[in-house]
Amino acid sequence: MGWGRVEAMDHWRGKWALITGASAGIGQALAEQLAEAGAHLILTARRSERLEVLAEKLTRQYGVRIKIFPADLTRPAAPDDVFAFTEKQRLEVDLLVLNAGFGTYGPFSTSDRTRQLAMVQVNVAAVVALTHLYLPGMIDRRHGEVLIVSSTAAFQGLPYFATYAATKAFDLLFAEALAEEVRGYGLRVCALCPGRTVTEFQKVAGGPRRHKQQAKSAAEVARVGLQALAHGRSYTISGVVNYLHTHAQRFVPRRLVTGMAAKNLRPPA
């Protein structure tokens with residue numbers, strides 16, 4: 001099924017979309033494409049300066065309404081703060097985009113425990129909290145959508161990215177389960193599973209740069225996610241190569257897949 005400009009405009013025009021991690025990468029690309037589609041935006045991320053620049057740009061370019069709310073989702077109270085902001089502003093969130101997340105690279109046993117737990121807080125706990133806050137209203141209204149940004153790392157254990165891969169597996173399974181729970185209410189939930197993407201992820205996480213697969217642009221990945229969500233899919237993998245590689249793993253013993261990943265990702269001696 002094609003993804004036409006008119007279809008996108010009709011689907012999101014005039015609705016409010018809340019995007020976490022909106023200041024860069026896939027989150028910024030999603031904000032840009034939703035603004036082009038006529039959606040009003042609530043943008044949240046840690047870096048308020050970037051949010052302000054993005055909001056000014058999109059307002060000028062597309063004439064949509066934009067609210068910004070800087071928030072650090074490593075704080076357990078942050079999801080409640082975000083929800084309180086939208087309630088105070090009387091903003092009816094029709095699309096919840098849970099994009100904020102990060103990873104760290106290296107042996108788990110020698111990693112920074114505080115950093116590991118912060119990753120779980122952002123990638124998992126904040127996803128659960130925000131979904132739990134906004135989903136009841138969507139159910140009451142009998143319309144609404146949730147897009148959760150997962151990763152192709154969700155499909156296998158990933159040595160030296162152990163916690164990150166586990167959090168993304170949670171996001172994928174959470175989205176798939178919720179998609180079935182709320183389908184009868186007319187709601188849609190989808191997990192977007194990107195492979196290697198041109199974002200700040202590598203800079204933040206660290207890790208080897210030996211992967212030869214060409215990275216996708218954040219705009220390409222965002223487009224795939226919005227297309228899948230609009231078509232009612234419970235998950236999508238960006239890129240044909242990523243799709244084939246991910247599903248081919250199902251025919252290989254899991255230990256072998258994890259072992260190959262360990263070999264490719266093992267830090268230099």
# chains A, B, ... in the order shown; residues from 1 in each chain; ligands from 1

call {"tool": "residues_around", "arguments": {"residues": "Leu58 (chain A)", "least_positions_apart": "2", "cutoff": "10 Å", "atoms": "only C-alpha atoms", "output": "PyMOL selection string"}}
result
chain A and resi 31-36+40-41+53-56+60-66

call {"tool": "residues_around", "arguments": {"residues": "region 113-123 of chain A", "least_positions_apart": "2", "cutoff": "6 Å", "atoms": "only C-alpha atoms", "output": "number ranges by chain"}}
result
A: 73-74, 101, 125-126, 167

call {"tool": "write_last_selection", "arguments": {"atoms": "C-alpha atoms", "output": "PDB file, in the first residue's frame"}}
result
ATOM      1  CA  LEU A  73      13.261  11.133  31.314  1.00  0.00           C
ATOM      2  CA  THR A  74      16.000   9.645  33.487  1.00  0.00           C
ATOM      3  CA  GLY A 101      16.253   6.418  24.367  1.00  0.00           C
ATOM      4  CA  ALA A 125      10.055   2.751  32.577  1.00  0.00           C
ATOM      5  CA  ALA A 126       9.289   6.075  30.876  1.00  0.00           C
ATOM      6  CA  THR A 167      15.228  -2.700  26.705  1.00  0.00           C
TER       7      THR A 167
END

call {"tool": "closest_atom_pairs", "arguments": {"of": "region 106-144 of chain A", "to": "region 185-196 of chain A", "cutoff": "6 Å", "atoms": "only C-alpha atoms", "output": "JSON lines"}}
result
{"residue": "A:Arg142", "atom": "CA", "partner": "A:Tyr185", "partner_atom": "CA", "distance": 5.3}
{"residue": "A:His143", "atom": "CA", "partner": "A:Leu187", "partner_atom": "CA", "distance": 5.3}
{"residue": "A:Gly144", "atom": "CA", "partner": "A:Leu187", "partner_atom": "CA", "distance": 5.2}

call {"tool": "select_by_dssp", "arguments": {"residues": "region 76-255 of chain A", "states": "strand (DSSP E)", "output": "ChimeraX atom specification"}}
result
/A:93-98,145-149,188-193,197-198,216-217,235-237

call {"tool": "write_last_selection", "arguments": {"atoms": "N, CA and C atoms", "output": "compact mmCIF listing (two decimals), in the first residue's frame"}}
result
# COMPACT_ATOMS: atom_id res chain seq x y z
N VAL A 93 -3.95 14.66 23.40
CA VAL A 93 -2.90 13.96 22.65
C VAL A 93 -3.51 12.80 21.88
N ASP A 94 -3.50 12.92 20.55
CA ASP A 94 -4.02 11.86 19.68
C ASP A 94 -2.93 10.89 19.24
N LEU A 95 -1.69 11.36 19.23
CA LEU A 95 -0.56 10.51 18.82
C LEU A 95 0.56 10.66 19.84
N LEU A 96 0.93 9.56 20.45
CA LEU A 96 2.03 9.52 21.42
C LEU A 96 3.22 8.83 20.76
N VAL A 97 4.30 9.57 20.58
CA VAL A 97 5.50 9.04 19.94
C VAL A 97 6.60 8.92 20.99
N LEU A 98 6.94 7.69 21.34
CA LEU A 98 7.92 7.43 22.40
C LEU A 98 9.25 7.07 21.74
N GLU A 145 -3.24 6.92 18.79
CA GLU A 145 -2.16 6.08 18.26
C GLU A 145 -0.92 6.22 19.13
N VAL A 146 -0.16 5.15 19.20
CA VAL A 146 1.11 5.15 19.94
C VAL A 146 2.18 4.55 19.04
N LEU A 147 3.27 5.28 18.85
CA LEU A 147 4.42 4.78 18.10
C LEU A 147 5.60 4.70 19.07
N ILE A 148 6.12 3.49 19.26
CA ILE A 148 7.25 3.26 20.16
C ILE A 148 8.47 2.92 19.32
N VAL A 149 9.54 3.69 19.48
CA VAL A 149 10.76 3.43 18.71
C VAL A 149 11.58 2.37 19.43
N ARG A 188 -4.38 2.32 17.58
CA ARG A 188 -3.26 1.66 16.93
C ARG A 188 -2.00 1.84 17.77
N VAL A 189 -1.23 0.76 17.88
CA VAL A 189 0.07 0.81 18.55
C VAL A 189 1.08 0.11 17.64
N CYS A 190 2.22 0.73 17.44
CA CYS A 190 3.23 0.16 16.54
C CYS A 190 4.62 0.37 17.11
N ALA A 191 5.48 -0.64 16.97
CA ALA A 191 6.90 -0.52 17.32
C ALA A 191 7.69 -0.32 16.03
N LEU A 192 8.47 0.73 15.99
CA LEU A 192 9.37 1.00 14.87
C LEU A 192 10.75 0.45 15.23
N CYS A 193 11.26 -0.45 14.40
CA CYS A 193 12.54 -1.12 14.68
C CYS A 193 13.58 -0.73 13.64
N THR A 197 21.23 3.78 11.84
CA THR A 197 20.63 5.04 11.37
C THR A 197 21.60 6.18 11.63
N VAL A 198 21.58 7.17 10.75
CA VAL A 198 22.45 8.33 10.91
C VAL A 198 21.85 9.24 11.98
N LYS A 216 20.71 4.14 7.28
CA LYS A 216 19.57 4.88 6.75
C LYS A 216 19.53 6.27 7.37
N SER A 217 18.93 7.19 6.66
CA SER A 217 18.75 8.52 7.23
C SER A 217 17.61 8.48 8.24
N TYR A 235 4.26 -3.76 14.30
CA TYR A 235 5.69 -3.46 14.30
C TYR A 235 6.16 -3.34 12.86
N THR A 236 7.27 -2.68 12.68
CA THR A 236 7.87 -2.56 11.36
C THR A 236 9.38 -2.46 11.51
N ILE A 237 10.09 -2.99 10.53
CA ILE A 237 11.55 -2.93 10.49
C ILE A 237 11.93 -2.05 9.31

call {"tool": "residues_around", "arguments": {"residues": "Phe83 (chain A)", "least_positions_apart": "2", "cutoff": "10 Å", "atoms": "only C-alpha atoms", "output": "short mmCIF file (atom, residue, chain, number, x, y, z; two decimals) with C-alpha atoms, in the first residue's frame"}}
result
data_model
loop_
_atom_site.label_atom_id
_atom_site.label_comp_id
_atom_site.auth_asym_id
_atom_site.auth_seq_id
_atom_site.Cartn_x
_atom_site.Cartn_y
_atom_site.Cartn_z
CA ALA A 78 9.35 13.21 34.42
CA PRO A 79 6.46 11.33 32.73
CA ASP A 80 4.02 12.71 35.30
CA ASP A 81 5.43 16.20 34.70
CA PHE A 85 1.79 19.96 31.35
CA THR A 86 -0.51 18.66 28.62
CA GLU A 87 -3.43 18.49 31.06
CA LYS A 88 -2.85 22.07 32.23
CA GLN A 89 -2.66 23.22 28.61
CA LEU A 91 -4.07 19.44 24.95
CA VAL A 93 -2.90 13.96 22.65
CA ALA A 129 4.60 5.38 32.40
CA LEU A 130 3.74 7.67 29.49
CA LEU A 133 -0.89 8.01 31.41
CA TYR A 134 -2.18 8.71 27.91
#

call {"tool": "atom_distance", "arguments": {"atom1": "CA of Arg50 (chain A)", "atom2": "CA of Val128 (chain A)"}}
result
25.6 Å

call {"tool": "select_by_dssp", "arguments": {"residues": "region 71-266 of chain A", "states": "alpha helix (DSSP H)", "output": "PyMOL selection string"}}
result
chain A and resi 78-88+113-120+126-141+162-182+201-205+218-230+240-248+254-265

call {"tool": "closest_residue", "arguments": {"among": "A:Ala100, A:Ala77, A:Ala24, A:Ala230", "to": "Ala218 (chain A)", "atoms": "only C-alpha atoms"}}
result
A:Ala24

call {"tool": "closest_residue", "arguments": {"among": "A:Thr110, A:Ser150, A:Ser48, A:Thr104", "to": "Leu172 (chain A)", "atoms": "only C-alpha atoms"}}
result
A:Ser150
